[in-house]
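Student: Next up, data.cif (mmCIF, C-alpha atoms).
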data_input
loop_
_atom_site.group_PDB
_atom_site.id
_atom_site.type_symbol
_atom_site.label_atom_id
_atom_site.label_comp_id
_atom_site.auth_asym_id
_atom_site.auth_seq_id
_atom_site.Cartn_x
_atom_site.Cartn_y
_atom_site.Cartn_z
ATOM 1 C CA MET A 1 -13.586 7.362 3.888
ATOM 2 C CA SER A 2 -12.656 5.599 7.105
ATOM 3 C CA ILE A 3 -14.745 2.550 6.273
ATOM 4 C CA THR A 4 -13.274 2.324 2.774
ATOM 5 C CA ALA A 5 -9.715 2.705 4.082
ATOM 6 C CA THR A 6 -10.321 0.025 6.706
ATOM 7 C CA GLY A 7 -11.832 -2.295 4.115
ATOM 8 C CA THR A 8 -8.894 -1.744 1.786
ATOM 9 C CA VAL A 9 -6.306 -2.567 4.441
ATOM 10 C CA LEU A 10 -8.265 -5.573 5.671
ATOM 11 C CA SER A 11 -8.799 -6.900 2.149
ATOM 12 C CA TYR A 12 -5.143 -6.518 1.207
ATOM 13 C CA GLY A 13 -3.999 -8.168 4.432
ATOM 14 C CA LEU A 14 -6.323 -11.110 3.911
ATOM 15 C CA TYR A 15 -5.253 -11.367 0.270
ATOM 16 C CA THR A 16 -1.610 -11.700 1.262
ATOM 17 C CA LEU A 17 -2.489 -14.533 3.667
ATOM 18 C CA ASP A 18 -4.877 -16.411 1.365
ATOM 19 C CA MET A 19 -3.758 -19.923 0.441
ATOM 20 C CA LYS A 20 -4.389 -19.322 -3.278
ATOM 21 C CA THR A 21 -2.159 -16.237 -3.193
ATOM 22 C CA ILE A 22 0.549 -18.157 -1.373
ATOM 23 C CA GLU A 23 0.355 -20.980 -3.925
ATOM 24 C CA LEU A 24 0.317 -18.535 -6.851
ATOM 25 C CA HIS A 25 3.331 -16.532 -5.704
ATOM 26 C CA HIS A 26 5.132 -19.356 -3.836
ATOM 27 C CA THR A 27 5.623 -17.250 -0.721
ATOM 28 C CA ASP A 28 3.790 -16.584 2.513
ATOM 29 C CA LYS A 29 5.835 -13.442 3.165
ATOM 30 C CA LEU A 30 3.727 -10.892 1.228
ATOM 31 C CA ILE A 31 2.190 -9.806 4.531
ATOM 32 C CA TYR A 32 5.447 -7.896 5.070
ATOM 33 C CA THR A 33 4.326 -5.436 2.373
ATOM 34 C CA LEU A 34 1.303 -4.399 4.466
ATOM 35 C CA PRO A 35 3.124 -1.547 6.288
ATOM 36 C CA PHE A 36 3.805 0.122 2.927
ATOM 37 C CA VAL A 37 0.126 -0.108 2.006
ATOM 38 C CA LEU A 38 -0.841 1.330 5.391
ATOM 39 C CA PHE A 39 1.609 4.204 5.136
ATOM 40 C CA GLY A 40 0.632 5.073 1.552
ATOM 41 C CA LEU A 41 -3.066 5.015 2.342
ATOM 42 C CA PHE A 42 -2.724 7.038 5.545
ATOM 43 C CA ARG A 43 -0.409 9.532 3.876
ATOM 44 C CA TYR A 44 -2.979 10.097 1.133
ATOM 45 C CA LEU A 45 -5.749 10.524 3.720
ATOM 46 C CA PHE A 46 -3.506 13.016 5.536
ATOM 47 C CA LEU A 47 -3.111 15.014 2.326
ATOM 48 C CA LEU A 48 -6.878 14.990 1.831
ATOM 49 C CA HIS A 49 -7.770 16.126 5.320
ATOM 50 C CA ARG A 50 -4.899 18.424 6.281
ATOM 51 C CA HIS A 51 -3.937 19.971 2.951
ATOM 52 C CA ASN A 52 -7.357 20.015 1.255
ATOM 53 C CA ARG A 53 -6.211 17.947 -1.688
ATOM 54 C CA GLY A 54 -8.177 15.372 -3.625
ATOM 55 C CA GLU A 55 -9.315 17.299 -6.685
ATOM 56 C CA ASN A 56 -6.672 15.559 -8.804
ATOM 57 C CA PRO A 57 -5.719 12.258 -7.106
ATOM 58 C CA SER A 58 -3.094 11.242 -9.654
ATOM 59 C CA ARG A 59 -1.293 14.572 -9.251
ATOM 60 C CA ASP A 60 -1.509 14.281 -5.473
ATOM 61 C CA VAL A 61 -0.025 10.784 -5.479
ATOM 62 C CA PHE A 62 2.726 11.336 -8.042
ATOM 63 C CA THR A 63 3.907 14.694 -6.669
ATOM 64 C CA ASP A 64 4.084 13.668 -3.012
ATOM 65 C CA HIS A 65 7.642 12.515 -2.356
ATOM 66 C CA GLN A 66 6.684 10.336 0.606
ATOM 67 C CA ILE A 67 4.038 8.408 -1.340
ATOM 68 C CA VAL A 68 6.409 7.948 -4.287
ATOM 69 C CA ALA A 69 9.148 6.678 -1.952
ATOM 70 C CA CYS A 70 6.648 4.356 -0.280
ATOM 71 C CA ALA A 71 5.510 2.979 -3.661
ATOM 72 C CA LEU A 72 9.108 2.336 -4.695
ATOM 73 C CA ALA A 73 9.874 0.653 -1.380
ATOM 74 C CA TYR A 74 6.727 -1.459 -1.733
ATOM 75 C CA ALA A 75 7.659 -2.508 -5.278
ATOM 76 C CA GLY A 76 11.217 -3.324 -4.272
ATOM 77 C CA THR A 77 10.122 -5.319 -1.242
ATOM 78 C CA ALA A 78 7.434 -7.188 -3.181
ATOM 79 C CA LEU A 79 9.850 -8.072 -5.966
ATOM 80 C CA TRP A 80 12.459 -9.205 -3.470
ATOM 81 C CA LEU A 81 9.917 -11.382 -1.626
ATOM 82 C CA LEU A 82 8.575 -12.864 -4.852
ATOM 83 C CA ASN A 83 12.044 -13.749 -6.174
ATOM 84 C CA ARG A 84 13.434 -15.388 -3.028
#
Just give me the structure of the file as structure tokens.
Tutor:
Amino acid sequence: MSITATGTVLSYGLYTLDMKTIELHHTDKLIYTLPFVLFGLFRYLFLLHRHNRGENPSRDVFTDHQIVACALAYAGTALWLLNR
């Protein structure tokens, strides 16, 4: 789990800084969405380890208010950055 989470964060961070991504989206500011990805991933890992969840990942994600708020904040920030 730790290796996969680390790989996910690293991959997303590198994706946001890649020249092709910057050219595609016309912004180099997508790195500012990384904290939302970190929080969402760590919150889900917290639910797995501390609250013994994970049997139904979609239910866990869509019923956790903090993850839903994080996803909305991510979407809003990404849209704002992409439309600047």
Student: Counting all atoms listed in the file, what are the residues of region 26-68 of chain A within 10 Å of region 76-83 of chain A, and for each of them which pair of atoms is the nearest and at what distance in Å, to one decimal? Sort the table by chain and rising number, as a Markdown table.
Tutor:
| residue | atom | partner | partner_atom | distance |
| --- | --- | --- | --- | --- |
| A:His26 | CA | A:Leu82 | CA | 7.4 |
| A:Thr27 | CA | A:Leu82 | CA | 6.7 |
| A:Asp28 | CA | A:Leu81 | CA | 9.0 |
| A:Lys29 | CA | A:Leu81 | CA | 6.6 |
| A:Leu30 | CA | A:Leu81 | CA | 6.8 |
| A:Ile31 | CA | A:Ala78 | CA | 9.7 |
| A:Tyr32 | CA | A:Thr77 | CA | 8.3 |
| A:Thr33 | CA | A:Ala78 | CA | 6.6 |
| A:Phe36 | CA | A:Thr77 | CA | 9.3 |
Student: Take the residues from that selection and put them in a file with C-alpha atoms, as a compact mmCIF listing (two decimals), in the frame of the given file.
Tutor:
# COMPACT_ATOMS: atom_id res chain seq x y z
CA HIS A 26 5.13 -19.36 -3.84
CA THR A 27 5.62 -17.25 -0.72
CA ASP A 28 3.79 -16.58 2.51
CA LYS A 29 5.84 -13.44 3.16
CA LEU A 30 3.73 -10.89 1.23
CA ILE A 31 2.19 -9.81 4.53
CA TYR A 32 5.45 -7.90 5.07
CA THR A 33 4.33 -5.44 2.37
CA PHE A 36 3.80 0.12 2.93
Student: Figure out the distance between CA of Gly13 (chain A) and CA of Arg53 (chain A), please, to one decimal in Å.
Tutor: 26.9 Å
Student: As a PyMOL selection string, please: the residues near Met1 (chain A) (cut-off 12 Å, all atoms listed in the file, same-chain neighbours under 3 positions excluded).
Tutor: chain A and resi 4-8+41-42+44-46+48-49
Student: Enter the distance from CA of Arg84 (chain A) to CA of Ile67 (chain A), in Å, rounded to one decimal.
Tutor: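 Value for the CA of Arg84 (chain A)-CA of Ile67 (chain A) distance: 25.6 Å.
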Student: CA of Cys70 (chain A) and CA of Ser2 (chain A), how far apart in Å?
Tutor: 20.7 Å
Student: A:Leu47, A:Leu34, A:Val61, A:Ile3: which is nearest Leu17 (chain A), counting only C-alpha atoms?
Tutor: A:Leu34
Student: Which residue out of A:Thr16, A:Val9, A:Ala75, A:Gln66 has the minimum interatomic distance to Val37 (chain A) when only C-alpha atoms are used?
Tutor: A:Val9
Student: Work out where the centre of an axis-aligned box around every listed atom of region 48-55 of chain A lies and how long its edges are once 5 Å is added on each side; give both in Å to one decimal as JSON.
Tutor:
{"center_x": -6.6, "center_y": 17.5, "center_z": -0.2, "size_x": 15.4, "size_y": 15.0, "size_z": 23.0}
